[in-house]
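What follows is the content of run04.txt (compact mmCIF, C-alpha atoms).
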```txt
# COMPACT_ATOMS: atom_id res chain seq x y z
CA MET A 1 -24.26 12.27 -25.25
CA SER A 2 -26.78 10.04 -23.51
CA ALA A 3 -28.35 11.02 -20.19
CA ALA A 4 -26.21 8.39 -18.49
CA GLY A 5 -23.13 9.75 -20.24
CA LEU A 6 -23.93 13.30 -19.18
CA LEU A 7 -24.41 12.14 -15.62
CA LEU A 8 -21.09 10.33 -15.68
CA ALA A 9 -19.28 13.31 -17.17
CA ALA A 10 -20.68 15.44 -14.39
CA VAL A 11 -19.38 13.11 -11.69
CA LEU A 12 -15.99 12.00 -13.03
CA ALA A 13 -13.74 15.00 -12.67
CA GLY A 14 -10.83 14.22 -14.96
CA GLN A 15 -7.30 13.00 -14.47
CA LEU A 16 -4.73 14.23 -11.96
CA ASP A 17 -1.07 13.58 -11.44
CA ALA A 18 0.46 14.22 -8.01
CA ALA A 19 1.03 17.91 -8.73
CA GLY A 20 -2.57 18.16 -9.88
CA VAL A 21 -3.74 16.63 -6.62
CA GLY A 22 -1.74 19.28 -4.75
CA ARG A 23 -3.22 22.07 -6.85
CA THR A 24 -6.73 20.74 -6.36
CA VAL A 25 -6.27 20.68 -2.59
CA ALA A 26 -4.76 24.17 -2.72
CA THR A 27 -7.77 25.61 -4.53
CA GLN A 28 -9.88 24.78 -1.49
CA ARG A 29 -8.01 27.21 0.79
CA GLY A 30 -10.37 28.59 3.39
CA ARG A 31 -11.94 25.22 4.11
CA PRO A 32 -10.49 22.04 5.61
CA VAL A 33 -10.04 19.33 2.99
CA VAL A 34 -10.56 15.57 3.15
CA LEU A 35 -8.70 13.87 0.32
CA ALA A 36 -9.51 10.17 -0.18
CA LEU A 37 -7.47 7.95 -2.49
CA TRP A 38 -9.09 4.66 -3.28
CA ALA A 39 -9.75 1.98 -5.90
CA THR A 40 -12.65 -0.19 -6.90
CA TRP A 41 -10.47 -3.32 -6.45
CA CYS A 42 -9.83 -2.32 -2.86
CA GLU A 43 -12.46 -3.95 -0.66
CA PRO A 44 -11.98 -1.70 2.40
CA CYS A 45 -12.11 1.36 0.12
CA VAL A 46 -15.49 0.31 -1.22
CA LYS A 47 -16.62 -0.55 2.30
CA GLU A 48 -15.80 2.89 3.70
CA PHE A 49 -17.10 4.80 0.67
CA PRO A 50 -20.69 5.19 2.00
CA ALA A 51 -19.41 6.73 5.24
CA LEU A 52 -17.37 9.21 3.23
CA GLU A 53 -20.44 10.07 1.15
CA ALA A 54 -22.59 10.55 4.23
CA MET A 55 -19.98 12.75 5.82
CA ALA A 56 -19.64 14.88 2.69
CA ARG A 57 -23.39 15.40 2.57
CA GLU A 58 -23.43 16.61 6.17
CA ARG A 59 -20.17 18.51 6.48
CA LYS A 60 -20.64 21.37 4.04
CA ASP A 61 -17.90 23.25 5.88
CA VAL A 62 -15.36 20.72 4.58
CA ALA A 63 -14.20 20.12 1.00
CA PHE A 64 -14.17 16.46 -0.02
CA ILE A 65 -12.03 15.29 -2.93
CA SER A 66 -11.47 11.73 -4.06
CA VAL A 67 -8.93 10.28 -6.45
CA SER A 68 -9.28 6.78 -7.86
CA ILE A 69 -6.03 4.93 -8.48
CA ASP A 70 -7.80 2.35 -10.63
CA GLU A 71 -5.82 1.18 -13.63
CA PRO A 72 -7.11 1.87 -17.15
CA GLU A 73 -8.31 -1.76 -17.35
CA ASP A 74 -10.52 -1.09 -14.30
CA ARG A 75 -12.09 1.97 -15.94
CA LYS A 76 -15.45 0.40 -16.77
CA THR A 77 -15.83 -0.88 -13.23
CA LEU A 78 -14.99 2.58 -11.91
CA GLU A 79 -17.45 4.29 -14.22
CA ALA A 80 -20.22 1.90 -13.25
CA PHE A 81 -19.46 2.36 -9.56
CA VAL A 82 -19.53 6.15 -9.77
CA ALA A 83 -22.61 6.22 -12.00
CA GLU A 84 -24.50 4.08 -9.55
CA ARG A 85 -23.43 5.85 -6.37
CA ARG A 86 -23.28 9.47 -7.57
CA PRO A 87 -21.03 10.56 -4.70
CA PRO A 88 -21.41 14.16 -3.49
CA PHE A 89 -17.77 14.96 -4.20
CA PRO A 90 -15.59 14.99 -7.29
CA VAL A 91 -14.01 11.68 -8.29
CA TYR A 92 -10.75 12.25 -10.11
CA VAL A 93 -8.72 9.50 -11.72
CA ARG A 94 -4.97 9.24 -11.32
CA ALA A 95 -3.15 10.09 -14.53
CA ALA A 96 -0.88 7.40 -15.95
CA GLY A 97 2.65 7.44 -14.59
CA PRO A 98 5.01 5.71 -12.17
CA ASP A 99 3.33 4.67 -8.91
CA GLN A 100 6.14 5.85 -6.67
CA ALA A 101 6.30 9.33 -8.16
CA PHE A 102 2.57 9.67 -7.57
CA ILE A 103 2.73 8.29 -4.01
CA ASP A 104 5.65 10.48 -2.96
CA GLY A 105 4.22 13.44 -4.84
CA VAL A 106 0.97 13.26 -2.93
CA ASP A 107 2.68 12.71 0.42
CA ARG A 108 6.13 11.34 1.19
CA GLU A 109 4.82 9.64 4.32
CA TRP A 110 2.19 7.68 2.42
CA SER A 111 3.26 4.03 2.10
CA GLY A 112 1.14 3.41 -0.99
CA VAL A 113 -1.54 1.56 0.91
CA VAL A 114 -5.15 2.18 -0.07
CA PRO A 115 -7.44 3.41 1.18
CA VAL A 116 -5.64 6.47 2.42
CA THR A 117 -7.34 9.61 3.68
CA LEU A 118 -5.48 12.89 4.07
CA VAL A 119 -6.88 15.76 6.07
CA TYR A 120 -5.72 19.34 5.50
CA ASP A 121 -6.53 22.44 7.49
CA ARG A 122 -7.94 25.56 5.84
CA ASP A 123 -4.42 26.77 5.09
CA GLY A 124 -3.55 23.60 3.20
CA ARG A 125 -1.34 22.07 5.89
CA ARG A 126 -1.67 18.32 6.03
CA LEU A 127 -2.56 17.40 9.59
CA GLY A 128 -3.88 13.89 9.17
CA LEU A 129 -2.66 10.85 7.24
CA LEU A 130 -4.99 7.91 7.77
CA GLN A 131 -3.48 4.89 6.07
CA GLY A 132 -5.66 1.84 5.62
CA GLU A 133 -9.16 1.30 6.95
CA HIS A 134 -10.55 4.10 9.07
CA THR A 135 -13.94 5.13 10.37
CA ARG A 136 -15.76 8.40 10.11
CA ALA A 137 -14.83 9.02 13.75
CA ASP A 138 -11.14 8.86 12.80
CA ILE A 139 -11.65 11.43 10.05
CA GLU A 140 -13.67 13.65 12.37
CA LYS A 141 -10.84 13.53 14.90
CA ALA A 142 -8.36 14.63 12.26
CA LEU A 143 -10.72 17.42 11.23
CA ALA A 144 -10.97 18.54 14.83
CA ARG A 145 -7.17 18.77 14.91
CA ALA A 146 -7.28 20.77 11.71
CA LYS A 147 -9.73 23.17 13.32
CA ALA A 148 -7.70 23.38 16.53
CA ALA A 149 -4.54 24.13 14.57
CA ARG A 150 -6.10 27.30 13.28
CA MET B 1 7.85 27.38 8.91
CA ARG B 2 8.36 25.34 12.05
CA LEU B 3 5.66 22.89 10.99
CA THR B 4 7.15 22.59 7.52
CA ARG B 5 10.57 21.72 8.93
CA LEU B 6 9.04 19.14 11.23
CA ALA B 7 7.16 17.60 8.34
CA VAL B 8 10.34 17.25 6.29
CA ILE B 9 12.18 15.61 9.20
CA ALA B 10 9.28 13.23 9.81
CA ALA B 11 9.18 12.26 6.16
CA ALA B 12 12.82 11.23 6.23
CA LEU B 13 12.35 8.88 9.16
CA PRO B 14 11.04 5.31 8.93
CA ALA B 15 7.54 4.73 10.25
CA ALA B 16 7.30 3.94 13.94
CA GLY B 17 7.92 0.27 14.54
CA ALA B 18 9.38 -0.27 11.09
CA VAL B 19 12.70 -1.96 10.42
CA ALA B 20 15.22 0.15 8.55
CA ILE B 21 17.68 -0.52 5.76
CA GLY B 22 20.94 -1.70 7.34
CA GLU B 23 19.17 -3.19 10.36
CA LYS B 24 19.81 -6.81 11.35
CA LEU B 25 17.06 -9.41 11.08
CA GLN B 26 15.72 -10.61 14.39
CA PRO B 27 14.87 -14.27 13.74
CA PHE B 28 11.33 -15.27 14.62
CA LYS B 29 9.20 -18.36 14.61
CA LEU B 30 5.80 -18.75 12.97
CA ASN B 31 3.68 -21.69 11.95
CA ASP B 32 3.37 -22.63 8.32
CA VAL B 33 0.06 -23.69 6.78
CA SER B 34 0.55 -27.29 7.94
CA GLY B 35 0.88 -26.11 11.52
CA LYS B 36 4.60 -26.82 11.62
CA THR B 37 6.71 -24.16 13.31
CA MET B 38 9.35 -22.56 11.13
CA ASP B 39 12.29 -20.92 12.86
CA LEU B 40 13.96 -18.37 10.62
CA ALA B 41 17.21 -19.06 12.43
CA GLY B 42 17.27 -22.24 10.36
CA LEU B 43 17.88 -20.15 7.24
CA GLN B 44 21.33 -19.03 8.35
CA GLY B 45 23.86 -19.79 5.64
CA LYS B 46 21.50 -18.79 2.82
CA LYS B 47 22.88 -16.29 0.32
CA ALA B 48 19.85 -14.07 0.89
CA VAL B 49 16.49 -14.25 2.63
CA VAL B 50 13.39 -12.74 1.02
CA LEU B 51 10.42 -12.08 3.28
CA MET B 52 7.20 -11.36 1.39
CA PHE B 53 4.06 -10.07 3.09
CA ILE B 54 1.35 -11.44 0.84
CA ALA B 55 -2.39 -12.04 0.75
CA THR B 56 -4.89 -14.46 -0.72
CA GLN B 57 -7.63 -11.92 -1.49
CA CYS B 58 -5.73 -8.79 -2.49
CA PRO B 59 -5.85 -8.20 -6.26
CA VAL B 60 -2.44 -6.54 -6.21
CA SER B 61 -0.77 -9.38 -4.33
CA ASN B 62 -2.53 -11.91 -6.53
CA ALA B 63 -1.30 -10.15 -9.65
CA TYR B 64 2.21 -11.10 -8.49
CA ASN B 65 1.54 -14.78 -7.70
CA GLU B 66 3.20 -16.11 -10.84
CA ARG B 67 6.11 -13.71 -10.57
CA MET B 68 6.70 -14.63 -6.92
CA ALA B 69 6.60 -18.33 -7.76
CA ALA B 70 9.00 -17.86 -10.69
CA LEU B 71 11.45 -15.69 -8.75
CA SER B 72 11.52 -18.13 -5.85
CA ARG B 73 12.28 -21.01 -8.21
CA GLU B 74 14.97 -19.09 -10.08
CA TYR B 75 16.73 -17.58 -7.08
CA GLY B 76 16.01 -20.54 -4.82
CA ALA B 77 18.29 -22.55 -7.08
CA ARG B 78 20.98 -19.94 -6.38
CA GLY B 79 20.79 -20.25 -2.60
CA VAL B 80 18.16 -17.63 -1.81
CA ALA B 81 15.38 -18.47 0.67
CA PHE B 82 11.89 -17.09 0.03
CA VAL B 83 9.31 -16.95 2.82
CA GLY B 84 5.74 -15.72 2.46
CA ILE B 85 4.00 -14.20 5.46
CA ASN B 86 0.25 -13.74 5.68
CA SER B 87 -0.77 -11.28 8.40
CA ASN B 88 -4.34 -10.65 7.28
CA ARG B 89 -6.73 -11.41 10.10
CA GLN B 90 -9.53 -12.60 7.80
CA GLU B 91 -7.48 -15.04 5.71
CA SER B 92 -7.51 -18.48 7.33
CA VAL B 93 -4.72 -21.04 7.36
CA GLU B 94 -6.87 -23.31 5.18
CA GLU B 95 -7.42 -20.52 2.66
CA ILE B 96 -3.71 -19.71 2.61
CA ALA B 97 -2.80 -23.37 2.09
CA GLY B 98 -5.22 -23.69 -0.83
CA HIS B 99 -3.99 -20.45 -2.36
CA ALA B 100 -0.33 -21.51 -2.11
CA ALA B 101 -1.06 -24.88 -3.71
CA GLN B 102 -3.19 -23.32 -6.44
CA HIS B 103 -0.43 -20.94 -7.45
CA GLY B 104 2.44 -23.38 -7.15
CA PHE B 105 4.30 -21.60 -4.38
CA ALA B 106 7.46 -23.57 -3.65
CA PHE B 107 8.18 -21.33 -0.68
CA PRO B 108 6.62 -21.68 2.77
CA VAL B 109 3.80 -19.32 3.70
CA LEU B 110 3.66 -18.53 7.39
CA LYS B 111 0.58 -17.36 9.27
CA ASP B 112 1.31 -14.25 11.32
CA VAL B 113 -1.45 -14.54 13.90
CA GLY B 114 -2.21 -11.16 15.47
CA ASN B 115 -0.01 -9.41 12.85
CA VAL B 116 2.89 -9.46 15.29
CA GLN B 117 5.54 -9.61 12.56
CA ALA B 118 3.72 -7.12 10.32
CA ASP B 119 3.84 -4.71 13.25
CA HIS B 120 7.50 -5.45 13.95
CA PHE B 121 8.50 -4.89 10.33
CA GLY B 122 6.11 -2.01 9.85
CA ALA B 123 4.66 -3.75 6.80
CA GLN B 124 1.62 -1.89 5.49
CA VAL B 125 0.62 -3.45 2.21
CA THR B 126 0.57 -6.64 0.22
CA PRO B 127 2.79 -7.46 -1.49
CA GLU B 128 5.64 -5.90 0.49
CA ILE B 129 9.15 -7.31 0.31
CA TYR B 130 12.18 -7.36 2.62
CA VAL B 131 15.53 -8.69 1.36
CA TYR B 132 18.29 -9.68 3.79
CA ASP B 133 21.90 -10.38 2.82
CA PRO B 134 23.97 -13.37 4.09
CA GLY B 135 24.84 -11.37 7.21
CA TRP B 136 21.09 -10.88 7.77
CA VAL B 137 21.24 -7.18 7.19
CA LEU B 138 18.23 -5.56 5.49
CA ARG B 139 19.30 -4.48 2.01
CA TYR B 140 16.00 -3.89 0.22
CA HIS B 141 12.44 -3.03 1.20
CA GLY B 142 9.54 -2.36 -1.12
CA ARG B 143 7.82 -3.62 -4.23
CA ILE B 144 8.55 -6.57 -6.50
CA ASP B 145 8.57 -4.43 -9.63
CA ASP B 146 6.95 -1.27 -10.95
CA ASP B 147 4.02 -2.70 -12.89
CA ARG B 148 1.15 -4.57 -11.30
CA SER B 149 -0.04 -5.95 -14.64
CA GLY B 150 3.39 -7.30 -15.50
CA ALA B 151 2.98 -6.15 -19.09
CA ASN B 152 5.07 -2.99 -18.86
CA VAL B 153 7.70 -3.57 -16.18
CA LYS B 154 10.50 -1.03 -16.36
CA SER B 155 12.12 -1.61 -13.00
CA GLN B 156 12.72 -5.14 -11.67
CA ASP B 157 13.35 -3.94 -8.15
CA LEU B 158 13.38 -7.27 -6.29
CA ARG B 159 15.45 -8.95 -9.00
CA ASN B 160 17.90 -6.01 -9.02
CA ALA B 161 18.22 -6.21 -5.24
CA LEU B 162 18.87 -9.95 -5.27
CA ASP B 163 21.41 -9.69 -8.08
CA ALA B 164 23.28 -7.01 -6.12
CA VAL B 165 23.20 -9.01 -2.87
CA LEU B 166 24.40 -12.15 -4.66
CA ARG B 167 27.29 -10.16 -6.14
CA GLY B 168 28.07 -8.65 -2.75
CA GLN B 169 27.36 -5.18 -4.07
CA PRO B 170 25.17 -2.36 -2.73
CA VAL B 171 21.55 -2.54 -3.83
CA PRO B 172 21.04 0.28 -6.34
CA VAL B 173 17.61 1.31 -5.04
CA ALA B 174 17.16 0.12 -1.48
CA GLU B 175 13.60 1.35 -0.88
CA THR B 176 10.63 1.61 -3.21
CA LYS B 177 6.90 2.18 -2.90
CA ALA B 178 3.90 0.85 -4.75
CA PHE B 179 0.18 0.73 -4.37
CA GLY B 180 -1.09 -2.22 -2.39
CA CYS B 181 -3.88 -3.54 -0.24
CA THR B 182 -3.80 -2.71 3.41
CA ILE B 183 -2.79 -5.52 5.75
CA LYS B 184 -5.96 -6.30 7.70
CA ARG B 185 -4.79 -6.12 11.28
CA VAL B 186 -6.57 -7.30 14.40
CA ALA B 187 -8.48 -4.63 16.30
CA GLN B 188 -6.29 -2.57 18.61
```

How does the structure come out when it is put into structure tokens?
Amino acid sequence: MSAAGLLLAAVLAGQLDAAGVGRTVATQRGRPVVLALWATWCEPCVKEFPALEAMARERKDVAFISVSIDEPEDRKTLEAFVAERRPPFPVYVRAAGPDQAFIDGVDREWSGVVPVTLVYDRDGRRLGLLQGEHTRADIEKALARAKAAR
Amino acid sequence: MRLTRLAVIAAALPAAGAVAIGEKLQPFKLNDVSGKTMDLAGLQGKKAVVLMFIATQCPVSNAYNERMAALSREYGARGVAFVGINSNRQESVEEIAGHAAQHGFAFPVLKDVGNVQADHFGAQVTPEIYVYDPGWVLRYHGRIDDDRSGANVKSQDLRNALDAVLRGQPVPVAETKAFGCTIKRVAQ
């Protein structure tokens, strides 16, 4: 594998269905979790990505997980985006399957809009569902609630 | 346990501000791309009314342009009214007019300044569809179909809803979800 390929393999974290997303969040028990679902075709997702990266670099007390909902035909764009940015959190890719099953499986209250950011407390309870464009301050507020809920 | 129960109850309820299946349409007025005011009350007597929150820049909404145009032609001939609504703050009337002409939309596209109607309906994404029956009761809310690419559609949700409404039968699946672009609302 080329150096670029090795780098990519180290950043792209594999495919997840909705149950896999739940398991991945659950493995972080003991730390609050920020779960971001996004796509390269989604302009606000790309716009807020740097803030998420900056936050992940600073908040080592929080686990950051991202899942791309890009379609297989968007795969090259996704790979190029991730290779260039090298985000400090795992980037999973949604496994093929019906959209609605994935949306409801991740969270029944999620409308399907992207970006969406879910915030869980250290016990895995979802305390924040930020649908659409949000700022770092919004995520920090949700994290504060997660901490207060302890 | 208490939290879990609350979460389940919350999940079963429509989002705050959203219209619900079975709810009556409250007619509204918006300007179309020519600046002419369209009063939805003028659509009374139609066999169904389809409201479509759409966008000019969203790749998901744009993937459905041809399907929306085709469905509106096909069902328009059967007495169904289609109305596009653009609530995105950054998409101008001029841009919407050019987009509608480019894609051969035979239906009006209304500009929802200040996302007033998007807020009333609780619309979150584009495209997002609301189907009303002849009595102006909401019978379907959700996606057009289950495949953005159009190459592997297994569930023609909007078509199924319209066929049921035209037959006077219950819509088999009244609510669906799909991925979509967020409606870009004005700052709160």

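The shortest atom-to-atom distance to Ile129 of chain B, with only C-alpha atoms taken into account, belongs to B:Gly180 out of B:Gly180, B:Gly150, B:Gly104, B:Pro170.
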
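The chain B residues that come within 7 Å of chain A are Ala11, Pro59, Gln124, Val125, Lys177, Ala178, Phe179, Gly180, Cys181 and Thr182 of chain B, with all atoms listed in the file taken into account.
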
With C-alpha atoms retained, export the selected residues as a CSV table (one decimal), in the coordinates of the input.
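The resulting file, selection-v2.csv, is reproduced below:
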```csv
chain,number,residue,atom,x,y,z
B,11,ALA,CA,9.2,12.3,6.2
B,59,PRO,CA,-5.8,-8.2,-6.3
B,124,GLN,CA,1.6,-1.9,5.5
B,125,VAL,CA,0.6,-3.4,2.2
B,177,LYS,CA,6.9,2.2,-2.9
B,178,ALA,CA,3.9,0.8,-4.8
B,179,PHE,CA,0.2,0.7,-4.4
B,180,GLY,CA,-1.1,-2.2,-2.4
B,181,CYS,CA,-3.9,-3.5,-0.2
B,182,THR,CA,-3.8,-2.7,3.4
```

Choose the residue, out of B:Leu40, B:Val186, B:Val83, B:Leu51, that has the smallest atom-to-atom separation from Gly142 of chain B; count only C-alpha atoms. B:Leu51

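Of the residues listed (B:Ala100, B:Val165, B:Lys47, B:Tyr132), B:Lys47 shows the shortest atom-to-atom separation from Arg78 of chain B; distances use all atoms listed in the file.
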
Polymer residues at most 10 Å from Ser155 of chain B, all atoms listed in the file, same-chain spacing of 3 or more positions, as an NGL selection string: :B and (143-147 or 152 or 158-160)

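Coordinates place atom CA of Gly124 of chain A at a distance of 21.2 Å from atom CA of Ala137 of chain A.
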
Atom CA of Gly45 of chain B to atom CA of Ala81 of chain B, distance in Å rounded to a single decimal: 9.9 Å

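When atom CA of Gly168 of chain B is paired with atom CA of Arg67 of chain B, their separation reads 23.9 Å.
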
Step by step, gather every atom of segment 123-129 of chain B that the file lists, find the box along x, y and z that holds them, add 6 Å on each side, and finally give centre and edge lengths in Å to one decimal, as lines of an AutoDock Vina configuration file.
```
center_x = 4.9
center_y = -4.7
center_z = 2.7
size_x = 20.6
size_y = 17.6
size_z = 20.3
```

Choose the residue, out of A:Arg75, A:Lys147, A:Arg136, A:Arg94, that has the smallest atom-to-atom separation from Pro32 of chain A; count only C-alpha atoms. A:Lys147

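Considering the residues B:Val50, B:Gly84, B:Ile183, B:Ser149 and counting only C-alpha atoms, Asp74 of chain A has its shortest atom-to-atom contact with B:Ser149.
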